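Reproduced below: protein_34.txt, with compact mmCIF, C-alpha atoms.
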# COMPACT_ATOMS: atom_id res chain seq x y z
CA MET A 1 -9.36 2.54 3.47
CA ARG A 2 -5.93 4.09 3.26
CA GLU A 3 -2.89 1.84 3.35
CA ARG A 4 -1.62 3.42 6.57
CA ASP A 5 -4.95 2.68 8.34
CA LEU A 6 -4.79 -0.92 7.16
CA MET A 7 -1.22 -1.28 8.38
CA LEU A 8 -2.06 0.41 11.70
CA LEU A 9 -4.85 -2.14 12.05
CA HIS A 10 -2.30 -4.84 11.18
CA TYR A 11 0.01 -3.73 14.00
CA ILE A 12 -2.84 -3.38 16.51
CA THR A 13 -4.29 -6.80 15.66
CA GLY A 14 -0.77 -8.27 15.95
CA ILE A 15 -0.56 -7.01 19.53
CA GLY A 16 -4.16 -8.16 20.03
CA ILE A 17 -3.19 -11.71 19.02
CA LEU A 18 -0.45 -11.70 21.63
CA VAL A 19 -2.78 -10.39 24.35
CA PHE A 20 -5.84 -12.53 23.55
CA GLY A 21 -3.67 -15.51 22.67
CA SER A 22 -1.99 -15.30 26.07
CA ILE A 23 -5.37 -15.09 27.80
CA HIS A 24 -6.56 -18.08 25.77
CA VAL A 25 -3.54 -20.22 26.64
CA ALA A 26 -3.69 -19.14 30.28
CA THR A 27 -7.38 -20.04 30.30
CA ILE A 28 -6.72 -23.51 28.96
CA PHE A 29 -4.01 -24.18 31.51
CA PHE A 30 -5.41 -22.58 34.63
CA THR A 31 -9.19 -22.42 34.63
CA TYR A 32 -10.34 -25.96 34.07
CA PRO A 33 -9.93 -28.29 37.04
CA PHE A 34 -7.21 -30.77 36.19
CA GLN A 35 -8.16 -34.43 36.26
CA ASP A 36 -5.02 -36.22 35.18
CA THR A 37 -2.46 -34.02 33.60
CA ILE A 38 -2.84 -30.71 31.78
CA TRP A 39 -2.15 -32.43 28.50
CA GLU A 40 -4.72 -35.19 29.07
CA THR A 41 -7.58 -32.99 30.16
CA THR A 42 -7.18 -29.85 28.18
CA LEU A 43 -5.39 -30.55 24.96
CA ARG A 44 -6.30 -34.09 23.93
CA PHE A 45 -9.82 -33.94 25.39
CA ASP A 46 -9.91 -37.72 25.58
CA SER A 47 -10.15 -38.21 29.32
CA ILE A 48 -13.15 -35.90 29.61
CA PRO A 49 -15.22 -35.31 26.48
CA TYR A 50 -16.01 -31.63 25.83
CA ALA A 51 -13.70 -30.55 28.60
CA VAL A 52 -13.27 -27.21 26.97
CA LEU A 53 -16.95 -26.25 27.09
CA PRO A 54 -16.91 -24.68 30.56
CA VAL A 55 -14.23 -22.35 29.32
CA TYR A 56 -16.46 -21.17 26.51
CA ARG A 57 -19.38 -20.71 28.90
CA ASN A 58 -17.51 -18.09 30.87
CA ALA A 59 -18.71 -14.86 29.24
CA LEU A 60 -15.44 -13.02 29.75
CA LEU A 61 -13.37 -15.82 28.29
CA ALA A 62 -15.78 -16.23 25.37
CA ALA A 63 -15.37 -12.51 24.71
CA SER A 64 -11.59 -12.87 24.74
CA LEU A 65 -11.95 -15.77 22.35
CA PHE A 66 -13.92 -13.54 20.03
CA GLY A 67 -11.18 -10.93 20.34
CA LEU A 68 -8.64 -13.57 19.35
CA LEU A 69 -10.78 -14.63 16.39
CA LEU A 70 -11.21 -11.05 15.20
CA CYS A 71 -7.53 -10.14 15.56
CA THR A 72 -6.31 -13.36 13.95
CA THR A 73 -8.69 -13.07 11.00
CA VAL A 74 -7.91 -9.41 10.23
CA HIS A 75 -4.16 -9.90 10.73
CA ALA A 76 -4.05 -13.09 8.67
CA MET A 77 -6.10 -11.76 5.74
CA ASN A 78 -4.09 -8.55 5.56
CA GLY A 79 -0.85 -10.53 5.81
CA LEU A 80 -2.01 -12.89 3.06
CA ARG A 81 -2.89 -9.87 0.90
CA SER A 82 0.74 -8.71 1.10
CA ILE A 83 2.23 -12.18 0.65
CA ILE A 84 0.07 -13.11 -2.35
CA THR A 85 0.64 -9.75 -4.06
CA GLU A 86 4.40 -10.01 -3.63
CA LEU A 87 4.33 -13.64 -4.75
CA VAL A 88 2.27 -12.89 -7.85
CA GLY A 89 4.24 -9.70 -8.50
CA ALA A 90 1.22 -7.47 -9.09
CA ARG A 91 -1.79 -6.25 -7.15
CA LYS A 92 -4.97 -8.14 -8.02
CA ARG A 93 -8.32 -6.70 -6.96
CA TRP A 94 -10.05 -10.09 -7.15
CA VAL A 95 -7.52 -11.56 -4.68
CA GLU A 96 -8.32 -8.77 -2.22
CA ALA A 97 -12.06 -9.30 -2.71
CA LEU A 98 -11.65 -13.05 -2.19
CA LEU A 99 -9.61 -12.55 0.99
CA PHE A 100 -12.22 -10.12 2.31
CA ALA A 101 -14.94 -12.71 1.67
CA VAL A 102 -12.89 -15.47 3.35
CA GLY A 103 -12.30 -13.16 6.32
CA VAL A 104 -16.00 -12.42 6.70
CA PHE A 105 -16.80 -16.15 6.45
CA LEU A 106 -14.24 -17.02 9.14
CA LEU A 107 -15.58 -14.30 11.42
CA VAL A 108 -19.19 -15.40 10.98
CA TYR A 109 -18.42 -19.11 11.34
CA GLY A 110 -16.12 -18.54 14.32
CA THR A 111 -18.60 -16.27 16.07
CA ARG A 112 -21.32 -18.86 15.51
CA THR A 113 -19.11 -21.54 17.09
CA ILE A 114 -18.36 -19.38 20.13
CA LEU A 115 -22.04 -18.52 20.56
CA ILE A 116 -23.12 -22.18 20.28
CA ALA A 117 -20.50 -23.24 22.80
CA HIS A 118 -21.60 -20.41 25.06
CA SER A 119 -25.16 -21.82 24.82
CA LEU A 120 -26.52 -18.58 23.47
CA VAL A 121 -27.66 -20.08 20.19
CA MET B 1 53.79 -9.00 -7.90
CA VAL B 2 51.29 -10.05 -10.54
CA GLU B 3 48.71 -12.77 -9.88
CA LYS B 4 46.37 -14.44 -12.35
CA VAL B 5 42.71 -14.21 -11.41
CA LYS B 6 39.86 -15.69 -13.38
CA PHE B 7 37.00 -13.28 -14.15
CA LYS B 8 33.74 -15.11 -14.79
CA VAL B 9 31.70 -12.40 -16.51
CA PHE B 10 28.01 -12.52 -17.35
CA ARG B 11 27.47 -11.90 -21.06
CA TYR B 12 24.14 -10.98 -22.60
CA ARG B 13 23.42 -9.93 -26.14
CA PRO B 14 19.86 -8.74 -26.75
CA GLU B 15 20.06 -9.64 -30.44
CA ASP B 16 20.52 -13.31 -29.48
CA GLY B 17 17.36 -13.19 -27.39
CA GLY B 18 18.80 -15.76 -25.00
CA LYS B 19 19.19 -15.76 -21.25
CA GLY B 20 22.85 -14.90 -21.31
CA PHE B 21 25.90 -16.94 -20.36
CA TYR B 22 29.13 -16.71 -18.38
CA LYS B 23 32.47 -16.29 -20.08
CA GLU B 24 35.79 -16.72 -18.32
CA TYR B 25 38.80 -14.46 -18.75
CA GLU B 26 42.19 -14.72 -17.11
CA VAL B 27 43.38 -11.35 -15.91
CA PRO B 28 46.81 -10.44 -14.51
CA VAL B 29 46.14 -8.60 -11.28
CA LYS B 30 48.47 -6.48 -9.17
CA LYS B 31 47.93 -4.72 -5.86
CA GLY B 32 45.44 -1.87 -6.02
CA MET B 33 43.70 -3.11 -9.15
CA THR B 34 39.91 -2.82 -9.03
CA ILE B 35 37.21 -4.94 -10.63
CA LEU B 36 36.65 -2.10 -13.08
CA ASP B 37 40.36 -2.13 -14.00
CA GLY B 38 40.02 -5.85 -14.64
CA LEU B 39 36.97 -5.36 -16.86
CA ILE B 40 38.73 -2.60 -18.80
CA TYR B 41 41.74 -4.91 -19.20
CA ILE B 42 39.46 -7.59 -20.66
CA LYS B 43 37.85 -5.08 -23.00
CA GLU B 44 41.16 -3.66 -24.18
CA ASN B 45 43.20 -6.87 -24.43
CA ILE B 46 40.97 -9.94 -24.66
CA ASP B 47 37.39 -9.25 -25.73
CA PRO B 48 36.43 -5.81 -27.10
CA THR B 49 32.77 -6.86 -27.33
CA LEU B 50 32.35 -6.72 -23.53
CA SER B 51 30.06 -3.87 -22.47
CA VAL B 52 30.49 -2.14 -19.13
CA ARG B 53 29.35 1.30 -18.01
CA TYR B 54 31.70 3.51 -16.02
CA SER B 55 32.80 7.10 -15.76
CA CYS B 56 34.63 8.63 -12.78
CA ARG B 57 36.54 5.52 -11.53
CA MET B 58 36.49 6.90 -7.98
CA ALA B 59 33.08 5.94 -6.52
CA ILE B 60 31.51 9.32 -7.14
CA CYS B 61 29.39 8.97 -10.28
CA GLY B 62 27.72 5.64 -9.41
CA SER B 63 27.82 4.37 -13.01
CA CYS B 64 29.67 1.08 -12.58
CA GLY B 65 27.30 -0.78 -10.24
CA VAL B 66 27.61 -4.56 -10.69
CA ARG B 67 27.33 -7.72 -8.63
CA VAL B 68 30.65 -9.23 -7.64
CA ASN B 69 30.39 -12.74 -6.23
CA SER B 70 26.64 -12.19 -5.77
CA LEU B 71 27.04 -8.94 -3.80
CA GLU B 72 26.13 -5.53 -5.18
CA THR B 73 29.11 -3.19 -5.35
CA LEU B 74 30.73 -0.47 -7.43
CA ALA B 75 33.29 -2.07 -9.76
CA CYS B 76 35.65 0.88 -9.24
CA HIS B 77 35.36 0.63 -5.46
CA THR B 78 36.25 -3.06 -5.10
CA GLN B 79 39.83 -4.22 -5.19
CA VAL B 80 40.39 -7.63 -6.75
CA LEU B 81 43.00 -8.93 -4.31
CA GLU B 82 40.94 -7.88 -1.30
CA LEU B 83 38.31 -10.42 -2.36
CA LYS B 84 40.89 -13.20 -1.83
CA ARG B 85 39.38 -15.38 -4.57
CA ARG B 86 40.91 -17.10 -7.57
CA VAL B 87 37.63 -16.88 -9.48
CA ILE B 88 35.54 -13.72 -9.43
CA ARG B 89 32.02 -13.72 -10.78
CA VAL B 90 30.85 -10.40 -12.20
CA GLU B 91 27.18 -9.96 -13.05
CA PRO B 92 24.88 -7.05 -13.87
CA MET B 93 22.62 -5.57 -11.18
CA ARG B 94 19.28 -7.25 -10.60
CA ASN B 95 15.81 -5.69 -10.81
CA TYR B 96 16.67 -3.63 -13.90
CA PRO B 97 16.11 -4.50 -17.55
CA LEU B 98 19.35 -5.63 -19.16
CA VAL B 99 20.77 -3.60 -22.01
CA LYS B 100 23.92 -5.60 -22.75
CA ASP B 101 26.40 -7.64 -20.69
CA LEU B 102 26.92 -5.65 -17.48
CA VAL B 103 24.94 -2.60 -18.56
CA THR B 104 21.48 -2.18 -17.08
CA ASP B 105 18.67 0.21 -17.89
CA MET B 106 18.18 2.48 -14.86
CA THR B 107 14.82 3.82 -16.07
CA PRO B 108 12.70 2.11 -13.35
CA LEU B 109 14.72 3.83 -10.63
CA PHE B 110 14.44 7.30 -12.14
CA ARG B 111 10.78 6.81 -13.03
CA LYS B 112 9.98 5.99 -9.41
CA GLN B 113 12.03 8.93 -8.16
CA LYS B 114 9.96 11.18 -10.38
CA ALA B 115 6.71 9.59 -9.19
CA LEU B 116 7.65 10.45 -5.59
CA MET B 117 8.48 14.05 -6.48
CA THR B 118 12.03 13.88 -5.19
CA TRP B 119 12.80 17.56 -5.33
CA LEU B 120 12.13 20.60 -3.15
CA ILE B 121 8.47 21.54 -3.33
CA ARG B 122 7.76 25.20 -2.64
CA GLN B 123 4.65 27.32 -2.92
CA ASP B 124 6.57 30.51 -3.73
CA ASN B 125 7.77 29.60 -7.20
CA VAL B 126 8.39 33.20 -8.28
CA GLU B 127 10.57 33.83 -5.23
CA GLN B 128 12.49 30.60 -5.82
CA GLU B 129 13.26 31.51 -9.39
CA ASN B 130 14.61 34.91 -8.33
CA PRO B 131 15.44 34.56 -4.63
CA THR B 132 15.60 37.81 -2.64
CA LYS B 133 17.02 36.29 0.55
CA GLN B 134 18.99 33.36 1.90
CA TYR B 135 17.21 30.25 3.16
CA LEU B 136 19.21 29.33 6.22
CA GLN B 137 19.05 26.06 8.13
CA SER B 138 20.24 25.24 11.62
CA GLU B 139 22.71 22.42 12.19
CA GLU B 140 19.94 20.27 13.65
CA GLU B 141 17.72 20.85 10.62
CA LEU B 142 20.58 19.82 8.33
CA GLU B 143 21.37 16.70 10.33
CA ARG B 144 17.82 15.43 9.87
CA TYR B 145 18.56 14.58 6.26
CA LEU B 146 22.30 15.07 5.75
CA GLN B 147 23.32 11.41 5.42
CA PHE B 148 20.68 10.87 2.74
CA THR B 149 22.22 13.58 0.54
CA TYR B 150 25.32 11.39 0.14
CA CYS B 151 23.40 9.07 -2.20
CA ILE B 152 25.06 8.90 -5.64
CA GLN B 153 22.09 7.14 -7.27
CA CYS B 154 24.15 4.11 -8.26
CA GLY B 155 21.07 1.94 -7.77
CA LEU B 156 22.84 -0.85 -5.88
CA CYS B 157 20.24 -0.74 -3.08
CA TYR B 158 17.44 -1.16 -5.60
CA SER B 159 19.25 -4.19 -7.03
CA ALA B 160 19.78 -5.73 -3.59
CA CYS B 161 16.17 -5.25 -2.45
CA PRO B 162 14.38 -8.63 -2.19
CA VAL B 163 10.96 -6.98 -2.29
CA VAL B 164 11.62 -5.29 -5.64
CA SER B 165 12.70 -8.71 -6.94
CA THR B 166 9.34 -10.26 -6.19
CA PHE B 167 7.12 -7.17 -6.45
CA PRO B 168 8.49 -4.80 -9.12
CA ASP B 169 5.84 -2.16 -8.42
CA PHE B 170 7.37 -1.48 -4.99
CA TYR B 171 9.02 1.94 -5.09
CA GLY B 172 12.26 0.52 -3.74
CA PRO B 173 14.80 1.82 -1.24
CA GLN B 174 16.49 4.59 -3.22
CA PRO B 175 13.37 6.47 -4.38
CA LEU B 176 11.81 6.20 -0.91
CA MET B 177 15.03 7.33 0.76
CA LYS B 178 15.17 10.27 -1.64
CA ALA B 179 11.56 11.12 -0.78
CA TYR B 180 12.47 11.19 2.91
CA ARG B 181 15.51 13.33 2.18
CA TYR B 182 13.20 16.08 0.87
CA TYR B 183 10.45 15.39 3.39
CA ALA B 184 12.92 16.04 6.22
CA ASP B 185 14.28 19.21 4.62
CA SER B 186 13.05 22.27 6.53
CA ARG B 187 12.85 24.25 3.27
CA ASP B 188 10.42 21.77 1.72
CA GLU B 189 6.68 22.51 1.74
CA GLY B 190 5.43 19.34 0.12
CA GLY B 191 5.45 17.07 3.15
CA GLU B 192 1.76 16.26 3.10
CA GLU B 193 1.73 15.46 -0.59
CA ARG B 194 4.86 13.33 -0.29
CA VAL B 195 3.42 11.34 2.60
CA ARG B 196 0.30 10.73 0.53
CA LEU B 197 2.49 9.39 -2.27
CA VAL B 198 4.47 6.97 -0.12
CA ASP B 199 1.36 5.85 1.79
CA ARG B 200 0.28 3.54 -1.01
CA PHE B 201 0.26 -0.18 -1.45
CA GLU B 202 3.51 0.09 -3.44
CA GLY B 203 4.95 2.49 -0.88
CA VAL B 204 6.69 2.28 2.46
CA TRP B 205 4.50 -0.52 3.84
CA ARG B 206 5.89 -3.18 1.52
CA CYS B 207 9.40 -2.89 3.00
CA HIS B 208 10.22 -6.01 5.04
CA PHE B 209 13.27 -4.39 6.58
CA ALA B 210 15.70 -6.95 5.17
CA GLY B 211 18.32 -4.20 5.35
CA SER B 212 20.22 -5.37 2.27
CA CYS B 213 19.84 -1.88 0.76
CA SER B 214 21.77 -0.30 3.62
CA ALA B 215 24.31 -3.12 3.67
CA VAL B 216 25.39 -2.65 0.05
CA CYS B 217 25.42 1.16 -0.09
CA PRO B 218 28.95 2.27 -1.02
CA LYS B 219 28.39 5.66 0.60
CA GLY B 220 27.13 4.41 3.94
CA VAL B 221 23.63 5.77 3.42
CA ASP B 222 20.89 3.93 5.31
CA PRO B 223 17.80 3.70 3.07
CA ALA B 224 16.16 1.18 5.42
CA LEU B 225 16.22 3.81 8.16
CA ALA B 226 14.72 6.42 5.84
CA ILE B 227 11.85 4.04 5.02
CA GLN B 228 11.13 3.44 8.71
CA LEU B 229 11.16 7.20 9.33
CA LEU B 230 8.78 7.68 6.41
CA ARG B 231 6.50 5.03 7.91
CA ARG B 232 6.43 6.95 11.17
CA SER B 233 5.58 10.13 9.28
CA ALA B 234 2.82 8.32 7.37
CA LEU B 235 1.33 6.94 10.60
CA LYS B 236 1.36 10.40 12.17
CA GLY B 237 -0.37 11.69 9.08
Target format structure tokens, applied to this file:
Amino acid sequence: MRERDLMLLHYITGIGILVFGSIHVATIFFTYPFQDTIWETTLRFDSIPYAVLPVYRNALLAASLFGLLLCTTVHAMNGLRSIITELVGARKRWVEALLFAVGVFLLVYGTRTILIAHSLV
Amino acid sequence: MVEKVKFKVFRYRPEDGGKGFYKEYEVPVKKGMTILDGLIYIKENIDPTLSVRYSCRMAICGSCGVRVNSLETLACHTQVLELKRRVIRVEPMRNYPLVKDLVTDMTPLFRKQKALMTWLIRQDNVEQENPTKQYLQSEEELERYLQFTYCIQCGLCYSACPVVSTFPDFYGPQPLMKAYRYYADSRDEGGEERVRLVDRFEGVWRCHFAGSCSAVCPKGVDPALAIQLLRRSALKG
């Protein structure tokens, strides 16, 4: 993959994080029926156990969550590639291979989590 | 009126193999005196072992690049009294191998310029060697790259670049700016090849747009802008 394609992907996933991240936050705050306060029900999850599950079970929101996972993983791994290379002072192929593997792991594990929460698995 | 100003000069002798040290010299300074004048005064009157590189003394040749109070500048272009300091620290440029005292080896800069083919690329070599016509440009075509031709290759931008400091393989602001200067030239026919060269890991994408290169340029050239324009060209393909 050429560097310009990678960086184009980096910019696109950056915008994707903003879009999907906004949807995610909006989902948390506006979709679940509030019991006590927003903080109590949606962020601490201690007044209602598994309060977040209905959010996951909405197919559209689960898809947006997958979008967020994909964008975050690609953006983070590519960003780390730049940071580590500049920190080390030289390009290391094994670092890039390791980051690729970590990215794939995060994607697989995250997708699995979304699917389980969505009751598909 | 003559004032006494202390010059704290970085000294480095390769034969000692050490990291270098600072040595202080008291220099009588009068209005209009530059840092270079001060260094020449030290060399002529106090310490003849001090090494400093200079030539034109009028900010044209770009030989006397140093760091004065941690800021890259041309020694001949900086007046001592304008700094309004009693102690002035003079150091060699960063990101270059040190030769001696304030003299740096500019090889990395020129090597990277060469790697980016910073010259006019033409397919008609025979015609260019014995031109049969004029190669005219419109005012607009000239303005696309004019400011970048003012570069005197002093290398201050390369010294000020924080990315080159941490990642020496990065081409750096001056070579990339030079590449854009030829890329934007309507007479050049090597655009595609040049874009391929800058579209590498070490190329335009590593710039974090700190802007220190443009801030220190004594000629008002904006290498950071050239890098962003090259990025746009690389994205367009």
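Minimum distance to chain B across A:Ala63, A:Ile84, A:Val25, A:Leu98 (counting all atoms listed in the file) occurs at A:Ile84.
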### Query
When the cut-off is 6 Å and we count only C-alpha atoms, which residues of chain B are near chain A, given as a PyMOL selection string?
chain B and resi 166-167+200
Atoms kept (C-alpha atoms) for selection, written as a PDB file, keeping the file's coordinate frame:
ATOM      1  CA  THR B 166       9.340 -10.260  -6.190  1.00  0.00           C
ATOM      2  CA  PHE B 167       7.120  -7.170  -6.450  1.00  0.00           C
ATOM      3  CA  ARG B 200       0.280   3.540  -1.010  1.00  0.00           C
TER       4      ARG B 200
END
Box for region 97-114 of chain A - axis-aligned, 6 Å on each of the six sides, all listed atoms - centre and size in Å to one decimal, as JSON.
{"center_x": -15.5, "center_y": -15.4, "center_z": 8.7, "size_x": 23.7, "size_y": 24.2, "size_z": 34.8}
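Picture a line from CA of Lys8 (chain B) to CA of Lys23 (chain B); it runs 5.6 Å.
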### Message
Ranking B:Leu136, B:Tyr171, B:Lys6, B:Glu15 by minimum distance to Arg89 (chain B) and counting only C-alpha atoms, which one comes first?
### Response
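Ranking B:Leu136, B:Tyr171, B:Lys6, B:Glu15 by distance to Arg89 (chain B), first place goes to B:Lys6.
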Excluding same-chain residues fewer than 3 positions from Arg67 (chain B), what lies within 10 Å of it counting all atoms listed in the file, as an mmCIF file with C-alpha atoms, in the frame of the given file?
data_model
loop_
_atom_site.group_PDB
_atom_site.id
_atom_site.type_symbol
_atom_site.label_atom_id
_atom_site.label_comp_id
_atom_site.auth_asym_id
_atom_site.auth_seq_id
_atom_site.Cartn_x
_atom_site.Cartn_y
_atom_site.Cartn_z
ATOM 1 C CA PHE B 10 28.010 -12.520 -17.350
ATOM 2 C CA CYS B 64 29.670 1.080 -12.580
ATOM 3 C CA SER B 70 26.640 -12.190 -5.770
ATOM 4 C CA LEU B 71 27.040 -8.940 -3.800
ATOM 5 C CA GLU B 72 26.130 -5.530 -5.180
ATOM 6 C CA THR B 73 29.110 -3.190 -5.350
ATOM 7 C CA LEU B 74 30.730 -0.470 -7.430
ATOM 8 C CA ALA B 75 33.290 -2.070 -9.760
ATOM 9 C CA ARG B 89 32.020 -13.720 -10.780
ATOM 10 C CA VAL B 90 30.850 -10.400 -12.200
ATOM 11 C CA GLU B 91 27.180 -9.960 -13.050
ATOM 12 C CA PRO B 92 24.880 -7.050 -13.870
ATOM 13 C CA MET B 93 22.620 -5.570 -11.180
ATOM 14 C CA ARG B 94 19.280 -7.250 -10.600
ATOM 15 C CA LEU B 102 26.920 -5.650 -17.480
ATOM 16 C CA LEU B 156 22.840 -0.850 -5.880
ATOM 17 C CA SER B 159 19.250 -4.190 -7.030
ATOM 18 C CA ALA B 160 19.780 -5.730 -3.590
#
### Radius query 6 Å about (-23.6, -23.0, 28.6), atoms used: all atoms listed in the file, as number ranges by chain
A: 57, 118-119
I want to know what sits within 12 Å of Val19 (chain A), based on all atoms listed in the file, with residues of the same chain fewer than 2 positions away left out; could you give that as a PDB file with C-alpha atoms, in the coordinates of the input?
ATOM      1  CA  ILE A  12      -2.840  -3.380  16.510  1.00  0.00           C
ATOM      2  CA  THR A  13      -4.290  -6.800  15.660  1.00  0.00           C
ATOM      3  CA  GLY A  14      -0.770  -8.270  15.950  1.00  0.00           C
ATOM      4  CA  ILE A  15      -0.560  -7.010  19.530  1.00  0.00           C
ATOM      5  CA  GLY A  16      -4.160  -8.160  20.030  1.00  0.00           C
ATOM      6  CA  ILE A  17      -3.190 -11.710  19.020  1.00  0.00           C
ATOM      7  CA  GLY A  21      -3.670 -15.510  22.670  1.00  0.00           C
ATOM      8  CA  SER A  22      -1.990 -15.300  26.070  1.00  0.00           C
ATOM      9  CA  ILE A  23      -5.370 -15.090  27.800  1.00  0.00           C
ATOM     10  CA  HIS A  24      -6.560 -18.080  25.770  1.00  0.00           C
ATOM     11  CA  VAL A  25      -3.540 -20.220  26.640  1.00  0.00           C
ATOM     12  CA  ALA A  26      -3.690 -19.140  30.280  1.00  0.00           C
ATOM     13  CA  SER A  64     -11.590 -12.870  24.740  1.00  0.00           C
ATOM     14  CA  LEU A  65     -11.950 -15.770  22.350  1.00  0.00           C
ATOM     15  CA  GLY A  67     -11.180 -10.930  20.340  1.00  0.00           C
ATOM     16  CA  LEU A  68      -8.640 -13.570  19.350  1.00  0.00           C
ATOM     17  CA  CYS A  71      -7.530 -10.140  15.560  1.00  0.00           C
ATOM     18  CA  THR A  72      -6.310 -13.360  13.950  1.00  0.00           C
TER      19      THR A  72
END
### Message
Using all atoms listed in the file for the distances, tell me which of B:Pro168, B:Gly191, B:Pro173, B:Gly237 is nearest to Ala210 (chain B).
### Response
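Closest residue, counting all atoms listed in the file: B:Pro173.
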#### Entry: Separation of CA of Ser212 (chain B) from CA of Gly172 (chain B), in Å and rounded to one decimal
11.6 Å
